[in-house]
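Next comes input12.csv, with CSV, C-alpha atoms.
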```csv
chain,number,residue,atom,x,y,z
A,142,MET,CA,-9.0,12.0,7.8
A,143,GLN,CA,-6.5,10.8,10.4
A,144,TYR,CA,-2.7,11.3,10.1
A,145,LYS,CA,0.3,9.4,11.4
A,146,VAL,CA,4.0,10.1,11.5
A,147,LEU,CA,6.0,8.4,8.8
A,148,GLY,CA,8.8,6.5,10.6
A,149,TYR,CA,11.1,8.8,12.5
A,150,THR,CA,10.5,11.7,10.1
A,151,ASP,CA,8.5,14.8,10.6
A,152,LEU,CA,6.1,13.9,7.8
A,153,LYS,CA,2.5,13.2,8.7
A,154,VAL,CA,0.8,10.9,6.2
A,155,SER,CA,-2.9,10.3,5.8
A,156,LEU,CA,-4.1,7.0,7.2
A,157,ILE,CA,-5.4,6.2,3.8
A,158,CYS,CA,-2.9,6.3,1.0
A,159,LEU,CA,-4.1,6.4,-2.6
A,160,GLY,CA,-2.7,3.5,-4.6
A,161,THR,CA,-2.4,4.0,-8.3
A,162,MET,CA,-1.5,0.8,-10.0
A,163,THR,CA,-4.7,0.8,-12.1
A,164,PHE,CA,-3.8,4.2,-13.7
A,165,GLY,CA,-3.0,3.5,-17.3
A,166,GLU,CA,-4.5,0.0,-17.4
A,167,GLN,CA,-8.0,0.0,-15.9
A,168,ASN,CA,-8.2,3.8,-15.5
A,169,THR,CA,-7.7,6.5,-18.1
A,170,GLU,CA,-5.8,9.7,-17.5
A,171,GLN,CA,-9.0,11.6,-16.9
A,172,GLU,CA,-10.3,9.0,-14.4
A,173,ALA,CA,-6.9,9.1,-12.6
A,174,HIS,CA,-7.2,12.8,-12.3
A,175,GLN,CA,-10.8,12.5,-10.9
A,176,GLN,CA,-9.6,10.0,-8.3
A,177,LEU,CA,-6.7,12.2,-7.3
A,178,ASN,CA,-8.8,15.3,-6.9
A,179,TYR,CA,-11.4,13.4,-4.9
A,180,ALA,CA,-8.8,11.9,-2.6
A,181,VAL,CA,-7.1,15.2,-1.9
A,182,ASP,CA,-10.5,16.8,-1.2
A,183,GLN,CA,-11.1,14.1,1.4
A,184,GLY,CA,-7.8,14.9,3.2
A,185,ILE,CA,-5.6,12.3,1.6
A,186,ASN,CA,-2.0,13.7,1.3
A,187,PHE,CA,-0.2,10.4,0.5
A,188,ILE,CA,0.1,9.0,-3.1
A,189,ASP,CA,2.0,5.8,-4.0
A,190,VAL,CA,3.2,5.1,-7.5
A,191,ALA,CA,6.0,2.9,-9.0
A,192,GLU,CA,8.1,3.0,-12.1
A,193,MET,CA,6.8,-0.4,-13.2
A,194,TYR,CA,3.1,0.6,-12.9
A,195,PRO,CA,0.4,0.0,-14.2
A,196,VAL,CA,-0.3,-3.6,-13.3
A,197,PRO,CA,-0.3,-6.0,-14.9
A,198,PRO,CA,3.1,-4.8,-16.1
A,199,ARG,CA,3.6,-4.5,-19.9
A,200,GLU,CA,6.3,-2.8,-21.9
A,201,GLU,CA,3.8,-0.6,-23.8
A,202,THR,CA,2.1,0.8,-20.7
A,203,GLN,CA,5.2,1.0,-18.3
A,204,GLY,CA,5.5,4.4,-16.8
A,205,LEU,CA,1.9,5.5,-17.6
A,206,THR,CA,0.9,5.7,-13.9
A,207,GLU,CA,3.7,8.1,-13.0
A,208,LYS,CA,2.9,10.0,-16.2
A,209,TYR,CA,-0.7,10.5,-15.3
A,210,VAL,CA,0.2,11.6,-11.7
A,211,GLY,CA,2.7,14.0,-13.2
A,212,THR,CA,0.2,15.6,-15.5
A,213,TRP,CA,-2.2,16.0,-12.6
A,214,LEU,CA,0.5,17.6,-10.5
A,215,ALA,CA,1.3,20.0,-13.3
A,216,LYS,CA,-2.3,20.8,-14.2
A,217,TYR,CA,-3.7,21.4,-10.7
A,218,LYS,CA,-0.4,22.7,-9.1
A,219,THR,CA,-0.8,20.3,-6.2
A,220,ARG,CA,2.8,19.2,-5.6
A,221,ASP,CA,3.0,21.0,-2.2
A,222,GLN,CA,-0.2,19.4,-1.0
A,223,VAL,CA,0.9,15.8,-1.3
A,224,ILE,CA,3.6,13.4,0.0
A,225,LEU,CA,4.7,11.5,-3.1
A,226,ALA,CA,6.1,7.9,-2.9
A,227,SER,CA,7.5,5.9,-5.8
A,228,LYS,CA,9.5,2.7,-6.2
A,229,VAL,CA,12.4,1.3,-8.2
A,230,ALA,CA,11.8,-2.2,-9.5
A,231,GLY,CA,13.9,-5.1,-8.4
A,232,PRO,CA,15.3,-7.6,-11.0
A,233,GLY,CA,13.9,-10.6,-12.7
A,234,MET,CA,10.4,-9.7,-14.0
A,235,MET,CA,10.7,-7.1,-16.7
A,236,SER,CA,13.6,-7.4,-19.2
A,237,TYR,CA,12.4,-4.3,-21.0
A,238,LEU,CA,12.9,-2.0,-18.0
A,239,ARG,CA,16.3,-0.3,-18.1
A,240,ASP,CA,17.8,-3.0,-20.3
A,241,GLY,CA,17.3,-5.6,-17.6
A,242,ASN,CA,16.8,-3.8,-14.4
A,243,ASP,CA,18.6,-4.5,-11.1
A,244,LEU,CA,19.3,-2.6,-7.9
A,245,SER,CA,22.8,-1.5,-8.7
A,246,ALA,CA,23.8,2.1,-8.2
A,247,ASN,CA,23.7,3.0,-12.0
A,248,HIS,CA,20.2,1.5,-12.4
A,249,ILE,CA,18.9,3.3,-9.4
A,250,ARG,CA,20.2,6.6,-10.7
A,251,ARG,CA,18.6,6.0,-14.0
A,252,ALA,CA,15.3,4.9,-12.5
A,253,VAL,CA,14.9,7.9,-10.2
A,254,ASP,CA,15.7,10.4,-13.0
A,255,ASP,CA,13.1,8.7,-15.3
A,256,SER,CA,10.5,8.8,-12.5
A,257,LEU,CA,11.1,12.5,-11.8
A,258,ARG,CA,10.7,13.3,-15.4
A,259,ARG,CA,7.4,11.4,-15.7
A,260,LEU,CA,6.1,12.8,-12.4
A,261,GLN,CA,7.1,16.4,-13.5
A,262,THR,CA,8.7,17.1,-10.1
A,263,ASP,CA,12.3,17.6,-8.9
A,264,TYR,CA,12.0,15.5,-5.7
A,265,ILE,CA,10.2,12.4,-4.4
A,266,ASP,CA,9.3,12.3,-0.7
A,267,LEU,CA,9.6,8.6,-0.2
A,268,TYR,CA,11.7,6.4,-2.6
A,269,GLN,CA,11.3,2.7,-2.1
A,270,ILE,CA,13.0,-0.5,-3.2
A,271,HIS,CA,10.1,-2.4,-4.8
A,272,TRP,CA,11.4,-5.9,-4.0
A,273,PRO,CA,14.7,-7.4,-3.0
A,274,SER,CA,17.6,-8.2,-5.5
A,275,ARG,CA,18.5,-11.4,-3.7
A,276,GLY,CA,16.7,-14.7,-3.8
A,277,THR,CA,14.3,-14.8,-0.8
A,278,ASN,CA,10.7,-15.3,0.1
A,279,PHE,CA,8.3,-12.6,-1.0
A,280,PHE,CA,5.3,-12.2,-3.3
A,281,GLY,CA,3.4,-14.9,-1.5
A,282,GLN,CA,6.2,-17.3,-0.4
A,283,LEU,CA,5.7,-17.8,3.3
A,284,GLY,CA,8.5,-20.3,3.9
A,285,TYR,CA,12.1,-19.4,3.2
A,286,GLN,CA,14.0,-21.6,0.8
A,287,GLN,CA,17.8,-21.2,0.7
A,288,SER,CA,19.0,-19.5,-2.4
A,289,SER,CA,22.4,-19.1,-4.0
A,290,HIS,CA,21.3,-15.9,-5.8
A,291,ALA,CA,22.9,-13.1,-3.7
A,292,GLY,CA,21.9,-10.3,-6.1
A,293,VAL,CA,23.2,-6.8,-5.8
A,294,PRO,CA,24.6,-6.2,-2.2
A,295,ILE,CA,22.3,-4.2,0.0
A,296,MET,CA,25.2,-1.9,0.8
A,297,GLU,CA,25.5,-0.8,-2.8
A,298,THR,CA,21.8,-0.2,-3.1
A,299,LEU,CA,21.7,1.7,0.2
A,300,SER,CA,24.7,3.8,-0.8
A,301,ALA,CA,23.0,4.7,-4.1
A,302,LEU,CA,19.9,5.7,-2.2
A,303,ALA,CA,22.0,7.8,0.1
A,304,GLU,CA,23.4,9.7,-2.9
A,305,LEU,CA,19.8,10.5,-4.0
A,306,VAL,CA,19.0,11.9,-0.5
A,307,SER,CA,22.2,14.0,-0.5
A,308,SER,CA,21.4,15.4,-4.0
A,309,GLY,CA,17.9,16.4,-2.9
A,310,LYS,CA,16.1,14.2,-5.4
A,311,VAL,CA,14.8,12.0,-2.6
A,312,ARG,CA,13.8,13.1,0.9
A,313,HIS,CA,13.4,9.6,2.6
A,314,ILE,CA,13.9,6.0,1.7
A,315,GLY,CA,11.9,2.8,2.2
A,316,ILE,CA,11.7,-0.9,1.3
A,317,SER,CA,8.9,-3.1,0.1
A,318,ASN,CA,8.2,-6.8,0.0
A,319,GLU,CA,11.0,-7.4,2.5
A,320,THR,CA,11.7,-9.9,5.2
A,321,PRO,CA,12.9,-9.4,8.8
A,322,TRP,CA,16.5,-10.1,7.8
A,323,GLY,CA,16.3,-7.6,4.9
A,324,LEU,CA,15.0,-4.9,7.2
A,325,ALA,CA,17.5,-5.6,9.9
A,326,GLU,CA,20.4,-5.5,7.3
A,327,TYR,CA,19.3,-2.1,6.0
A,328,LEU,CA,19.1,-0.8,9.5
A,329,LYS,CA,22.5,-2.3,10.5
A,330,LEU,CA,24.3,-0.9,7.5
A,331,ALA,CA,22.7,2.6,7.9
A,332,GLU,CA,23.9,2.8,11.5
A,333,ARG,CA,27.4,1.3,10.8
A,334,HIS,CA,28.1,3.6,7.8
A,335,GLN,CA,26.1,6.7,8.9
A,336,LEU,CA,23.7,6.4,5.9
A,337,PRO,CA,20.0,7.4,5.7
A,338,ARG,CA,17.8,5.1,7.7
A,339,ILE,CA,14.8,3.2,6.3
A,340,VAL,CA,11.6,4.9,7.4
A,341,SER,CA,9.0,2.5,5.9
A,342,ILE,CA,8.3,-1.0,4.7
A,343,GLN,CA,5.5,-1.6,2.2
A,344,ASN,CA,4.3,-5.2,2.6
A,345,PRO,CA,1.0,-6.9,2.1
A,346,TYR,CA,-1.3,-6.9,5.1
A,347,SER,CA,-5.0,-7.9,5.3
A,348,LEU,CA,-7.4,-10.2,7.0
A,349,LEU,CA,-6.2,-12.9,4.6
A,350,ASN,CA,-2.5,-12.2,5.1
A,351,ARG,CA,-1.4,-11.2,8.6
A,352,SER,CA,2.1,-12.8,8.2
A,353,PHE,CA,3.6,-9.3,8.9
A,354,GLU,CA,2.7,-9.8,12.5
A,355,VAL,CA,5.0,-12.8,12.9
A,356,GLY,CA,8.4,-11.3,12.6
A,357,LEU,CA,8.1,-7.8,11.3
A,358,ALA,CA,5.5,-6.0,13.4
A,359,GLU,CA,7.7,-5.8,16.5
A,360,MET,CA,10.6,-4.6,14.5
A,361,ALA,CA,8.5,-2.0,12.8
A,362,GLU,CA,7.3,-0.6,16.1
A,363,ARG,CA,10.6,-0.7,18.0
A,364,GLU,CA,12.7,0.6,15.1
A,365,GLN,CA,10.2,3.3,14.0
A,366,VAL,CA,9.7,1.8,10.6
A,367,SER,CA,6.2,2.4,9.3
A,368,LEU,CA,4.2,-0.3,7.7
A,369,LEU,CA,2.5,0.9,4.5
A,370,ALA,CA,0.0,-1.9,4.1
A,371,TYR,CA,-0.8,-2.9,0.5
A,372,SER,CA,-3.6,-5.2,-0.8
A,373,PRO,CA,-5.7,-4.6,2.3
A,374,LEU,CA,-8.7,-6.0,0.4
A,375,ALA,CA,-6.8,-8.9,-1.1
A,376,PHE,CA,-7.5,-8.0,-4.7
A,377,GLY,CA,-11.1,-7.4,-3.8
A,378,MET,CA,-11.7,-10.8,-2.2
A,379,LEU,CA,-12.7,-9.2,1.1
A,380,THR,CA,-15.3,-6.9,-0.5
A,381,GLY,CA,-17.8,-9.7,-1.0
A,382,LYS,CA,-18.1,-9.3,-4.8
A,383,TYR,CA,-16.4,-12.6,-5.4
A,384,GLU,CA,-18.5,-14.4,-2.8
A,385,ASN,CA,-19.3,-18.1,-3.6
A,386,GLY,CA,-16.9,-18.1,-6.5
A,387,VAL,CA,-18.7,-15.4,-8.5
A,388,ARG,CA,-16.5,-13.5,-11.0
A,389,PRO,CA,-18.3,-10.3,-12.0
A,390,GLN,CA,-17.7,-8.9,-15.5
A,391,GLY,CA,-14.9,-6.3,-15.6
A,392,ALA,CA,-13.6,-7.1,-12.1
A,393,ARG,CA,-9.9,-7.5,-11.7
A,394,LEU,CA,-10.0,-11.3,-11.0
A,395,SER,CA,-12.2,-11.7,-14.0
A,396,LEU,CA,-9.9,-9.7,-16.3
A,397,TYR,CA,-6.5,-11.0,-15.2
A,398,GLU,CA,-5.8,-14.7,-14.5
A,399,ARG,CA,-2.4,-13.7,-13.0
A,400,PHE,CA,-4.2,-12.2,-9.9
A,401,ASN,CA,-4.7,-15.5,-8.2
A,402,ARG,CA,-2.7,-14.9,-5.0
A,403,TYR,CA,-5.8,-14.5,-2.8
A,404,SER,CA,-8.3,-16.8,-4.6
A,405,ASN,CA,-7.3,-20.3,-3.5
A,406,ALA,CA,-9.9,-22.5,-1.9
A,407,LEU,CA,-8.9,-21.6,1.7
A,408,SER,CA,-8.9,-17.9,0.8
A,409,GLU,CA,-12.3,-18.1,-0.6
A,410,GLN,CA,-13.5,-19.9,2.5
A,411,ALA,CA,-12.0,-17.3,4.8
A,412,SER,CA,-13.2,-14.4,2.7
A,413,ASP,CA,-16.8,-15.7,2.7
A,414,ALA,CA,-16.6,-16.0,6.5
A,415,TYR,CA,-15.3,-12.4,6.9
A,416,VAL,CA,-18.0,-11.1,4.5
A,417,LYS,CA,-20.8,-12.9,6.5
A,418,LEU,CA,-19.3,-11.6,9.7
A,419,ALA,CA,-19.4,-8.0,8.5
A,420,ARG,CA,-23.0,-8.3,7.3
A,421,ALA,CA,-24.0,-9.8,10.7
A,422,TYR,CA,-22.7,-6.6,12.3
A,423,GLN,CA,-24.4,-4.5,9.6
A,424,LEU,CA,-21.1,-3.3,8.2
A,425,SER,CA,-19.9,-3.1,4.6
A,426,PRO,CA,-17.4,-6.0,4.1
A,427,THR,CA,-15.0,-3.6,2.4
A,428,GLN,CA,-15.1,-1.1,5.3
A,429,MET,CA,-14.7,-3.8,8.0
A,430,ALA,CA,-11.6,-5.2,6.2
A,431,LEU,CA,-10.1,-1.8,5.8
A,432,ALA,CA,-11.0,-0.6,9.3
A,433,TYR,CA,-9.2,-3.7,10.7
A,434,VAL,CA,-6.0,-2.7,8.9
A,435,ASN,CA,-6.5,1.0,9.9
A,436,SER,CA,-6.7,0.0,13.6
A,437,ARG,CA,-3.3,-1.8,13.8
A,438,PRO,CA,-0.8,0.2,15.7
A,439,PHE,CA,2.1,-0.7,13.4
A,440,VAL,CA,0.3,0.6,10.3
A,441,SER,CA,1.0,4.2,9.4
A,442,SER,CA,-0.9,4.2,6.1
A,443,ASN,CA,-3.3,1.8,4.4
A,444,ILE,CA,-2.8,1.8,0.6
A,445,ILE,CA,-6.2,1.5,-1.2
A,446,GLY,CA,-6.8,1.3,-4.9
A,447,ALA,CA,-10.0,1.7,-6.8
A,448,THR,CA,-11.2,1.6,-10.4
A,449,SER,CA,-14.3,3.8,-9.8
A,450,LEU,CA,-15.1,6.9,-7.7
A,451,LEU,CA,-17.8,4.8,-5.9
A,452,GLN,CA,-15.2,2.3,-4.8
A,453,LEU,CA,-12.9,5.1,-3.8
A,454,LYS,CA,-15.5,6.8,-1.7
A,455,GLU,CA,-16.3,3.6,0.2
A,456,ASN,CA,-12.7,2.8,0.8
A,457,ILE,CA,-11.8,6.3,2.1
A,458,ALA,CA,-14.9,6.3,4.4
A,459,SER,CA,-13.4,3.3,6.3
A,460,VAL,CA,-11.5,5.9,8.4
A,461,ASP,CA,-14.7,6.6,10.2
A,462,VAL,CA,-15.5,3.0,11.0
A,463,SER,CA,-14.7,1.5,14.5
A,464,LEU,CA,-14.8,-2.2,15.2
A,465,SER,CA,-16.3,-3.3,18.5
A,466,ALA,CA,-14.4,-5.6,20.9
A,467,GLU,CA,-17.0,-8.3,20.2
A,468,LEU,CA,-16.4,-8.1,16.5
A,469,CYS,CA,-12.7,-8.2,16.9
A,470,VAL,CA,-13.0,-11.4,18.9
A,471,GLU,CA,-14.9,-13.0,16.1
A,472,ILE,CA,-12.3,-11.8,13.6
A,473,GLU,CA,-9.6,-13.5,15.6
A,474,ALA,CA,-11.7,-16.7,15.7
A,475,ILE,CA,-11.7,-16.9,11.9
A,476,GLN,CA,-8.0,-16.2,11.8
A,477,GLN,CA,-7.4,-19.0,14.3
A,478,ARG,CA,-9.5,-21.4,12.2
A,479,ILE,CA,-8.0,-20.4,8.8
A,480,PRO,CA,-4.7,-18.6,9.5
A,481,ASN,CA,-3.1,-16.6,6.7
A,482,PRO,CA,-4.6,-18.5,3.8
A,483,SER,CA,-2.9,-16.2,1.3
A,484,PRO,CA,0.6,-15.2,2.4
```

Full structure transcribed into structure tokens:
Amino acid sequence: MQYKVLGYTDLKVSLICLGTMTFGEQNTEQEAHQQLNYAVDQGINFIDVAEMYPVPPREETQGLTEKYVGTWLAKYKTRDQVILASKVAGPGMMSYLRDGNDLSANHIRRAVDDSLRRLQTDYIDLYQIHWPSRGTNFFGQLGYQQSSHAGVPIMETLSALAELVSSGKVRHIGISNETPWGLAEYLKLAERHQLPRIVSIQNPYSLLNRSFEVGLAEMAEREQVSLLAYSPLAFGMLTGKYENGVRPQGARLSLYERFNRYSNALSEQASDAYVKLARAYQLSPTQMALAYVNSRPFVSSNIIGATSLLQLKENIASVDVSLSAELCVEIEAIQQRIPNPSP
């Protein structure tokens, strides 16, 4: 396993991070524990959860992911072996969560205490804002449309996070699904008011969605804010299992219609091209897609998810895959021909 420094901290996180949003929906508690044990055995020390997980979010399953990770931590006494990240949900999607969740100070305090209880720990290494409170472009919106919805001021959210750091409940803070303006605002307010600095940003990044490179990659490098890349396989589109429109029984895109972000016509066309390219170089399409993300200098950790140990093994093994200069030229040719089909 390879390790990179998280932001400006002294934490070294594994290049592969274990994503967990299937725990409690597609994976049982026993399967979750098996995945966690295998991941740690392979050198993974970074685990990412969220209060809203599993996905798709439902009131009856909310919190199960953190609960399963918590029972694993308690059973195997592994807390000191892992860097644990969680997230507080932004507003607008789940009315059942905290009586209508938002990112105000009171809601953040309640959210972290609930997460700590489910996780059976007294601290979280990285606590992240899952998505912004204000109206802006995220979750697949590439172009910004002016919005009158200001949401909870970032200053209030950041001050609440600072309290958590001071109390010892949280070691470091991060953001997710954010824009260049949002990142800049968090950094500006932290400097102006001597508050904890953002150390990471968790945004989508894959061969189908390289929009991070446009405005955020330079900021991430120059400001020492680590990208934690999620959806590096674009909901499995880049694995080849959905090639030519096939929908295998039990696969995520077959089970859940809501996961259509990466399956429009252009995305299918680009995915098929990347899959064929990988096979031409005698590579697994999955490992080529992950190896590309692994190789980006602004990526500190690549968040992978799996529903089986077989998938997990293939994903983790991508750390040993190197892409030739010739292959990278051909990847760029596909990106030029079909740029960012699934923002």

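Atom CA of Tyr371 of chain A is positioned 25.4 Å from atom CA of Arg239 of chain A.
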
| field | Selection: 7 Å around segment 182-191 of chain A, only C-alpha atoms, excl. self and same-chain fewer than 2 positions, as a list in words | value | Met142, Val154, Ser155, Ile157, Cys158, Leu159, Gly160, Thr161, Met162, Asn178, Tyr179, Ala180, Met193, Tyr194, Thr206, Glu207, Gln222, Val223, Ile224, Leu225, Ala226, Ser227, Lys228 and Val229 of chain A

| remark: Of A:Glu166, A:Gln428, A:Ile314, A:Met296, the one sitting nearest Leu453 of chain A when using all atoms listed in the file is A:Gln428

| task | Select, from A:Gln343, A:Ser274, A:Gln286, A:Thr262, the residue with the minimum atom-to-atom distance to Val440 of chain A, counting only C-alpha atoms. | result | A:Gln343

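Counting from atom CA of Glu471 of chain A, the distance to atom CA of Pro438 of chain A is 19.3 Å.
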
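For Leu468 of chain A, the residues within 10 Å (counting all atoms listed in the file, excluding itself and residues fewer than 6 positions away along the chain) are Leu418, Ala419, Ala421, Tyr422, Met429 and Ala474 of chain A.
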
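Relative to atom CA of Ser352 of chain A, atom CA of Arg420 of chain A is found at 25.5 Å.
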
| query | Restricting the calculation to all atoms listed in the file, which member of A:Ala447, A:Leu147, A:Leu464, A:Leu379 is positioned closest to Leu177 of chain A? | reply | A:Ala447

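Take the candidates A:Gln269, A:Ser245, A:Gln143, A:Thr380 and check each one against Glu192 of chain A using all atoms listed in the file; the shortest distance goes to A:Gln269.
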
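Nearest residue to Leu407 of chain A, choosing from A:Lys382, A:Arg258, A:Arg275, A:Arg478 and counting all atoms listed in the file: A:Arg478.
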